[in-house]
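Beneath this line is the structure, given in C-alpha cells, with notes to follow.
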Amino acid sequence: MYLAEVFVYLRPSIQDPQGVVIENTLKKLGFSSLDRVRTGKYFQLSLSSASEDEARRDAEKMCRDLLSNTVIEDFRVSVRPAS
Amino acid sequence: MKPRAAILLFPGSNCERDAFYGLEQTGFDPCFLWHKESRLDPEIRLVIVPGGFSFGDYLRCGSIASHSPVMSAVRKFADNGGLVLGICNGFQILTESGLLPGALLINRTLNFRCHDVFLRCDNTSTPFTSAIGGPLKMPIAHYEGNYQVSGEELADMERNSQIAFRYCGPDGVYAEGCNPNGSTADIAGIFNKQKNVLGMMPHPERAVENLLGSTAGREIFASLLSSLEQSAAGGMN
C-alpha cells in the first residue's frame, strides 16, 4: 500500500480572493513577516498500486481527471509506502 | 409539434422547475432527465443544464456532475450540433466538462451575489440570441461566477464572437460596479466555437413573468424556439 499526498493550488496568474482575505487578517493579527497567502486543497490517497512509480502515475492521472481543474490549477504529488 | 427539451437533474439541482415553467410558457415540450441516464431520446432538440448545487458543490462547482453518465450523452449531442444551454451551476458543469472554455471561480467580492443585473448581448446571430432586442434584465444568484480564461484564449474567443453576454448598466453600456463577480472582460455568458452551446451565470428562467420583475429570459427561449422551428421547416433535423 502507498500513501499519495496531493496538493492542488491555483496557478500563480489566477486571483485568489480567499487568500487575500486570510493574508490581510494574518497581517492584522500582527504577523508582520507575512508576505503572501495562497490557498489550496490537500488530499490523502491510499493506493494499492503495484509499485511506488505506479502509485505516482495513478495519483497524477486522478489529479488530471478530477482532483484539479487544469485550466486554473496546478498540482503536486508525493508518494511513500503506507506505514 | 412543440420541440422537446430535456432538463438534466442532478442531486442538488434546484432551478429545474423554473426552467420547466419557462420552457412550457415559451412553446417547448419540456421533460426531466436524471443524471444516471446515458442516452438522450432522439426527439430531444434542446438540453438545459439547470442551476443549483449539483453534488453539494463538492470539490469544485460542477466537477462531479461533469462526470455523470448523462454528460457523455450531452457531449455527443453537442458534437452533433445539438443545442445546450447551461445556466449558473449548469454553466459551471459545462466548463468542467470541457464543452466550454475557461473556468468559474469564487466571486472577487467573496459574497454570494443575489440580485438583478443588466446584460448586453454581443452576438445576436446565434440560435440562443436572435430574438434579443436591447439590454436584458435578469437575476443572478451565485458565489462562483467569476469567469476566468487566459488572455490568449479570450482574444481567440473575441475573434470568433464567442462572448454571448457582458454585464452592463441599464442602458446597455458598461457602468462602474455593473460586474458583480470580477469576471474577465465583464463576461456573463459564452458560446462554444460552433455557437450551439451557451453557458451563462444569470437566470433567464427566473425572468419570464412581469411578476418576477422581468420577462427578458423569454427572449432567449423565443430565439431557441424560432431557430428550432426554422431548422425543422428546413428538414435539417
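Every chain in the C-alpha cells has a letter given in the order shown (A, B, ...), and although residue numbers restart at 1 in each chain, ligands are simply numbered from 1 in the order shown.
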* Members of region 10-207 of chain B assigned strand (DSSP E or B) by DSSP, as an MDAnalysis selection string -> chainID B and resid 13 29:34 44:49 52 83:87 103:105 113:121 136:142 146:148 163:168 187:191 197:200
Resulting file, chosen residues, C-alpha atoms, as a PDB file, in the first residue's frame:
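Output saved as part04.pdb:
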```pdb
ATOM      1  CA  SER B  13     -30.169  20.824  -8.846  1.00  0.00           C
ATOM      2  CA  ASP B  29     -42.394  20.445 -24.509  1.00  0.00           C
ATOM      3  CA  PRO B  30     -40.054  20.027 -21.515  1.00  0.00           C
ATOM      4  CA  CYS B  31     -39.106  16.870 -19.618  1.00  0.00           C
ATOM      5  CA  PHE B  32     -36.639  15.996 -16.864  1.00  0.00           C
ATOM      6  CA  LEU B  33     -33.689  13.689 -17.388  1.00  0.00           C
ATOM      7  CA  TRP B  34     -31.920  12.021 -14.428  1.00  0.00           C
ATOM      8  CA  ILE B  44     -34.807  15.924 -27.918  1.00  0.00           C
ATOM      9  CA  ARG B  45     -33.906  19.241 -29.577  1.00  0.00           C
ATOM     10  CA  LEU B  46     -32.592  21.210 -26.597  1.00  0.00           C
ATOM     11  CA  VAL B  47     -30.751  20.284 -23.396  1.00  0.00           C
ATOM     12  CA  ILE B  48     -30.903  22.552 -20.357  1.00  0.00           C
ATOM     13  CA  VAL B  49     -28.270  22.101 -17.645  1.00  0.00           C
ATOM     14  CA  GLY B  52     -28.370  24.614  -8.259  1.00  0.00           C
ATOM     15  CA  LEU B  83     -28.381  22.956 -28.631  1.00  0.00           C
ATOM     16  CA  VAL B  84     -27.226  23.007 -24.999  1.00  0.00           C
ATOM     17  CA  LEU B  85     -27.919  25.808 -22.504  1.00  0.00           C
ATOM     18  CA  GLY B  86     -26.162  25.769 -19.130  1.00  0.00           C
ATOM     19  CA  ILE B  87     -27.426  28.206 -16.515  1.00  0.00           C
ATOM     20  CA  ALA B 103     -13.394  28.278 -15.505  1.00  0.00           C
ATOM     21  CA  LEU B 104     -15.660  29.900 -12.923  1.00  0.00           C
ATOM     22  CA  LEU B 105     -14.001  30.997  -9.702  1.00  0.00           C
ATOM     23  CA  ARG B 113     -24.448  37.805  -5.102  1.00  0.00           C
ATOM     24  CA  CYS B 114     -28.218  37.573  -5.480  1.00  0.00           C
ATOM     25  CA  HIS B 115     -29.839  40.469  -7.336  1.00  0.00           C
ATOM     26  CA  ASP B 116     -30.824  41.687 -10.812  1.00  0.00           C
ATOM     27  CA  VAL B 117     -28.145  42.558 -13.341  1.00  0.00           C
ATOM     28  CA  PHE B 118     -28.215  44.001 -16.854  1.00  0.00           C
ATOM     29  CA  LEU B 119     -26.705  42.167 -19.797  1.00  0.00           C
ATOM     30  CA  ARG B 120     -25.528  43.296 -23.173  1.00  0.00           C
ATOM     31  CA  CYS B 121     -25.681  40.686 -25.904  1.00  0.00           C
ATOM     32  CA  LEU B 136     -31.627  42.246 -20.708  1.00  0.00           C
ATOM     33  CA  LYS B 137     -32.535  42.491 -17.035  1.00  0.00           C
ATOM     34  CA  MET B 138     -32.082  39.171 -15.287  1.00  0.00           C
ATOM     35  CA  PRO B 139     -31.361  37.890 -11.790  1.00  0.00           C
ATOM     36  CA  ILE B 140     -28.102  36.305 -10.699  1.00  0.00           C
ATOM     37  CA  ALA B 141     -27.620  34.092  -7.628  1.00  0.00           C
ATOM     38  CA  HIS B 142     -24.099  32.737  -7.307  1.00  0.00           C
ATOM     39  CA  ASN B 146     -16.057  34.887 -11.682  1.00  0.00           C
ATOM     40  CA  TYR B 147     -15.319  33.744 -15.237  1.00  0.00           C
ATOM     41  CA  GLN B 148     -11.607  33.397 -15.965  1.00  0.00           C
ATOM     42  CA  ILE B 163     -18.817  36.250 -25.971  1.00  0.00           C
ATOM     43  CA  ALA B 164     -22.577  35.970 -25.504  1.00  0.00           C
ATOM     44  CA  PHE B 165     -23.262  38.389 -22.660  1.00  0.00           C
ATOM     45  CA  ARG B 166     -21.403  41.028 -20.701  1.00  0.00           C
ATOM     46  CA  TYR B 167     -22.594  42.787 -17.560  1.00  0.00           C
ATOM     47  CA  CYS B 168     -23.580  46.391 -18.230  1.00  0.00           C
ATOM     48  CA  ILE B 187     -18.264  38.235 -19.167  1.00  0.00           C
ATOM     49  CA  ALA B 188     -21.634  36.839 -18.044  1.00  0.00           C
ATOM     50  CA  GLY B 189     -22.078  34.162 -20.715  1.00  0.00           C
ATOM     51  CA  ILE B 190     -20.136  32.492 -23.522  1.00  0.00           C
ATOM     52  CA  PHE B 191     -20.667  30.238 -26.541  1.00  0.00           C
ATOM     53  CA  VAL B 197     -23.566  25.565 -26.573  1.00  0.00           C
ATOM     54  CA  LEU B 198     -24.240  28.562 -24.314  1.00  0.00           C
ATOM     55  CA  GLY B 199     -23.258  28.914 -20.666  1.00  0.00           C
ATOM     56  CA  MET B 200     -24.416  31.883 -18.590  1.00  0.00           C
TER      57      MET B 200
END
```
* **Polymer residues at most 12 Å from Ser33 (chain A), only C-alpha atoms, same-chain spacing of 6 or more positions, as a list in words** => Glu23, Leu26 and Lys27 of chain A
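With only C-alpha atoms taken into account, chain B has Leu59, Arg60, Ser63, Ile64, His67, Glu96, Pro101, Gly102, Ala103, Leu105, Ile106, Asn107, Arg108, Thr109, Leu110, Gln148, Val149 and Ser150 of chain B at most 9 Å from chain A.
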Write out, as a PDB file, in the first residue's frame, the residues just selected, with N, CA and C atoms.
```pdb
ATOM      1  N   LEU B  59     -15.757  19.421  -4.064  1.00  0.00           N
ATOM      2  CA  LEU B  59     -14.509  19.527  -4.822  1.00  0.00           C
ATOM      3  C   LEU B  59     -14.414  20.866  -5.551  1.00  0.00           C
ATOM      4  N   ARG B  60     -15.137  21.018  -6.653  1.00  0.00           N
ATOM      5  CA  ARG B  60     -15.280  22.298  -7.355  1.00  0.00           C
ATOM      6  C   ARG B  60     -16.686  22.297  -7.927  1.00  0.00           C
ATOM      7  N   SER B  63     -17.868  19.930 -10.855  1.00  0.00           N
ATOM      8  CA  SER B  63     -16.845  18.952 -11.240  1.00  0.00           C
ATOM      9  C   SER B  63     -17.369  17.518 -11.162  1.00  0.00           C
ATOM     10  N   ILE B  64     -18.155  17.207 -10.144  1.00  0.00           N
ATOM     11  CA  ILE B  64     -18.646  15.839 -10.002  1.00  0.00           C
ATOM     12  C   ILE B  64     -19.724  15.579 -11.069  1.00  0.00           C
ATOM     13  N   HIS B  67     -18.873  14.465 -14.627  1.00  0.00           N
ATOM     14  CA  HIS B  67     -18.520  13.070 -14.878  1.00  0.00           C
ATOM     15  C   HIS B  67     -19.729  12.143 -14.829  1.00  0.00           C
ATOM     16  N   GLU B  96     -16.517  22.639 -16.614  1.00  0.00           N
ATOM     17  CA  GLU B  96     -15.798  21.496 -16.028  1.00  0.00           C
ATOM     18  C   GLU B  96     -15.747  20.319 -17.003  1.00  0.00           C
ATOM     19  N   PRO B 101     -14.909  26.741 -22.820  1.00  0.00           N
ATOM     20  CA  PRO B 101     -13.565  27.069 -22.324  1.00  0.00           C
ATOM     21  C   PRO B 101     -13.610  27.853 -21.004  1.00  0.00           C
ATOM     22  N   GLY B 102     -12.469  27.903 -20.314  1.00  0.00           N
ATOM     23  CA  GLY B 102     -12.353  28.729 -19.116  1.00  0.00           C
ATOM     24  C   GLY B 102     -12.845  28.033 -17.862  1.00  0.00           C
ATOM     25  N   ALA B 103     -12.971  28.828 -16.798  1.00  0.00           N
ATOM     26  CA  ALA B 103     -13.394  28.278 -15.505  1.00  0.00           C
ATOM     27  C   ALA B 103     -14.099  29.371 -14.716  1.00  0.00           C
ATOM     28  N   LEU B 105     -14.610  30.956 -11.036  1.00  0.00           N
ATOM     29  CA  LEU B 105     -14.001  30.997  -9.702  1.00  0.00           C
ATOM     30  C   LEU B 105     -14.894  31.746  -8.724  1.00  0.00           C
ATOM     31  N   ILE B 106     -14.488  31.718  -7.466  1.00  0.00           N
ATOM     32  CA  ILE B 106     -15.212  32.444  -6.417  1.00  0.00           C
ATOM     33  C   ILE B 106     -15.271  33.922  -6.778  1.00  0.00           C
ATOM     34  N   ASN B 107     -16.428  34.542  -6.522  1.00  0.00           N
ATOM     35  CA  ASN B 107     -16.596  35.970  -6.788  1.00  0.00           C
ATOM     36  C   ASN B 107     -15.480  36.763  -6.113  1.00  0.00           C
ATOM     37  N   ARG B 108     -15.004  37.772  -6.798  1.00  0.00           N
ATOM     38  CA  ARG B 108     -13.899  38.556  -6.253  1.00  0.00           C
ATOM     39  C   ARG B 108     -14.284  39.201  -4.915  1.00  0.00           C
ATOM     40  N   THR B 109     -15.569  39.536  -4.766  1.00  0.00           N
ATOM     41  CA  THR B 109     -16.029  40.191  -3.527  1.00  0.00           C
ATOM     42  C   THR B 109     -16.195  39.202  -2.379  1.00  0.00           C
ATOM     43  N   LEU B 110     -16.073  37.914  -2.650  1.00  0.00           N
ATOM     44  CA  LEU B 110     -16.304  36.861  -1.666  1.00  0.00           C
ATOM     45  C   LEU B 110     -17.717  36.884  -1.100  1.00  0.00           C
ATOM     46  N   GLN B 148     -13.016  33.147 -15.670  1.00  0.00           N
ATOM     47  CA  GLN B 148     -11.607  33.397 -15.965  1.00  0.00           C
ATOM     48  C   GLN B 148     -11.157  32.555 -17.148  1.00  0.00           C
ATOM     49  N   VAL B 149     -10.367  33.166 -17.994  1.00  0.00           N
ATOM     50  CA  VAL B 149      -9.814  32.472 -19.144  1.00  0.00           C
ATOM     51  C   VAL B 149      -8.511  33.190 -19.493  1.00  0.00           C
ATOM     52  N   SER B 150      -7.560  32.483 -20.079  1.00  0.00           N
ATOM     53  CA  SER B 150      -6.274  33.126 -20.369  1.00  0.00           C
ATOM     54  C   SER B 150      -6.445  34.221 -21.424  1.00  0.00           C
TER      55      SER B 150
END
```
* Asked: Could you name the residues that touch Val37 (chain A) at 7 Å or less, counting only C-alpha atoms, but leaving out those on the same chain fewer than 2 positions away, as a ChimeraX atom specification?
  -> /A:19-20,22-23,39
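Take CA of Gln44 (chain A) and CA of Phe55 (chain B): the distance between them is 20.7 Å.
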* Selection: 7 Å around region 123-131 of chain B, only C-alpha atoms, excl. self and same-chain fewer than 2 positions, as a list in words -> Cys121, Gly133, Ser161, Ala164, Lys195, Glu219, Ile220, Ala222, Ser223, Leu224 and Ser227 of chain B
* Spatial neighbours of region 70-74 of chain B, max dist 6 Å, only C-alpha atoms, sep filter under 4 positions, as a ChimeraX atom specification -> /B:35-39
Print the selection's residues with N, CA and C atoms to a file, as an mmCIF file, in the first residue's frame.
```cif
data_model
loop_
_atom_site.group_PDB
_atom_site.id
_atom_site.type_symbol
_atom_site.label_atom_id
_atom_site.label_comp_id
_atom_site.auth_asym_id
_atom_site.auth_seq_id
_atom_site.Cartn_x
_atom_site.Cartn_y
_atom_site.Cartn_z
ATOM 1 N N HIS B 35 -29.550 12.247 -14.043
ATOM 2 C CA HIS B 35 -28.135 12.275 -14.426
ATOM 3 C C HIS B 35 -27.540 10.898 -14.700
ATOM 4 N N LYS B 36 -28.215 9.829 -14.251
ATOM 5 C CA LYS B 36 -27.661 8.488 -14.491
ATOM 6 C C LYS B 36 -28.052 7.934 -15.862
ATOM 7 N N GLU B 37 -28.948 8.627 -16.569
ATOM 8 C CA GLU B 37 -29.296 8.197 -17.929
ATOM 9 C C GLU B 37 -28.076 8.381 -18.821
ATOM 10 N N SER B 38 -27.846 7.383 -19.674
ATOM 11 C CA SER B 38 -26.669 7.529 -20.528
ATOM 12 C C SER B 38 -27.036 7.787 -21.985
ATOM 13 N N ARG B 39 -28.345 8.006 -22.237
ATOM 14 C CA ARG B 39 -28.707 8.369 -23.611
ATOM 15 C C ARG B 39 -29.815 9.418 -23.618
#
```
* Can you pull out every residue within 9 Å of Arg80 (chain A), counting only C-alpha atoms, but drop anything in the same chain fewer than 4 positions away, and send it as a list in words? =>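 Returned residues: Met1, Tyr2, Leu3, Ala4, Glu5, Glu52 and Ala55 of chain A.
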Would you put the residues from that selection into a file with C-alpha atoms, as a PDB file, in the first residue's frame?
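File produced: out24.pdb:
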```pdb
ATOM      1  CA  MET A   1       0.000   0.000   0.000  1.00  0.00           C
ATOM      2  CA  TYR A   2       1.112   3.520  -0.758  1.00  0.00           C
ATOM      3  CA  LEU A   3       0.052   6.873   0.513  1.00  0.00           C
ATOM      4  CA  ALA A   4      -0.107   9.689  -2.006  1.00  0.00           C
ATOM      5  CA  GLU A   5      -0.376  13.213  -0.683  1.00  0.00           C
ATOM      6  CA  GLU A  52       5.722   3.476  -5.958  1.00  0.00           C
ATOM      7  CA  ALA A  55       1.153   4.822  -7.406  1.00  0.00           C
TER       8      ALA A  55
END
```
* To do: Enumerate as a ChimeraX atom specification all residues of chain A assigned to alpha helix (DSSP H) by DSSP on the backbone, naming them with the chain letters and numbers the document uses.
  => /A:17-28,52-62
Store the residues picked out above in a file with C-alpha atoms, as a short mmCIF file (atom, residue, chain, number, x, y, z; two decimals), in the first residue's frame.
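The resulting selection23.cif:
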```
data_model
loop_
_atom_site.label_atom_id
_atom_site.label_comp_id
_atom_site.auth_asym_id
_atom_site.auth_seq_id
_atom_site.Cartn_x
_atom_site.Cartn_y
_atom_site.Cartn_z
CA PRO A 17 -9.71 36.30 -3.12
CA GLN A 18 -9.83 33.94 -0.12
CA GLY A 19 -6.04 34.01 0.09
CA VAL A 20 -6.09 37.81 0.09
CA VAL A 21 -8.61 37.96 2.96
CA ILE A 22 -6.63 35.42 5.01
CA GLU A 23 -3.43 37.34 4.31
CA ASN A 24 -4.99 40.65 5.41
CA THR A 25 -6.34 39.04 8.60
CA LEU A 26 -2.98 37.49 9.50
CA LYS A 27 -1.36 40.89 8.98
CA LYS A 28 -3.97 42.47 11.26
CA GLU A 52 5.72 3.48 -5.96
CA ASP A 53 6.08 4.65 -9.56
CA GLU A 54 2.73 3.21 -10.48
CA ALA A 55 1.15 4.82 -7.41
CA ARG A 56 2.54 8.16 -8.53
CA ARG A 57 1.22 7.69 -12.08
CA ASP A 58 -2.22 6.68 -10.75
CA ALA A 59 -2.37 9.70 -8.43
CA GLU A 60 -1.26 12.06 -11.19
CA LYS A 61 -3.95 10.74 -13.52
CA MET A 62 -6.53 11.25 -10.76
#
```
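Coordinates place CA of Tyr143 (chain B) at a distance of 27.2 Å from CA of Leu29 (chain A).
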* To do: Please indicate the distance in Å from CA of Pro204 (chain B) to CA of Gly234 (chain B), rounded to one decimal place.
  => 27.7 Å
* Between A:Val8, A:Cys63, A:Leu34, A:Val79, which is the closest to Ser51 (chain A) once you count only C-alpha atoms? ->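 Among A:Val8, A:Cys63, A:Leu34, A:Val79, it is A:Val79 that comes nearest to Ser51 (chain A).
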* **Selection: 9 Å around Gly62 (chain B), only C-alpha atoms, excl. self and same-chain fewer than 3 positions, as a PyMOL selection string** => chain B and resi 53-55+57-59+65-66+89-97
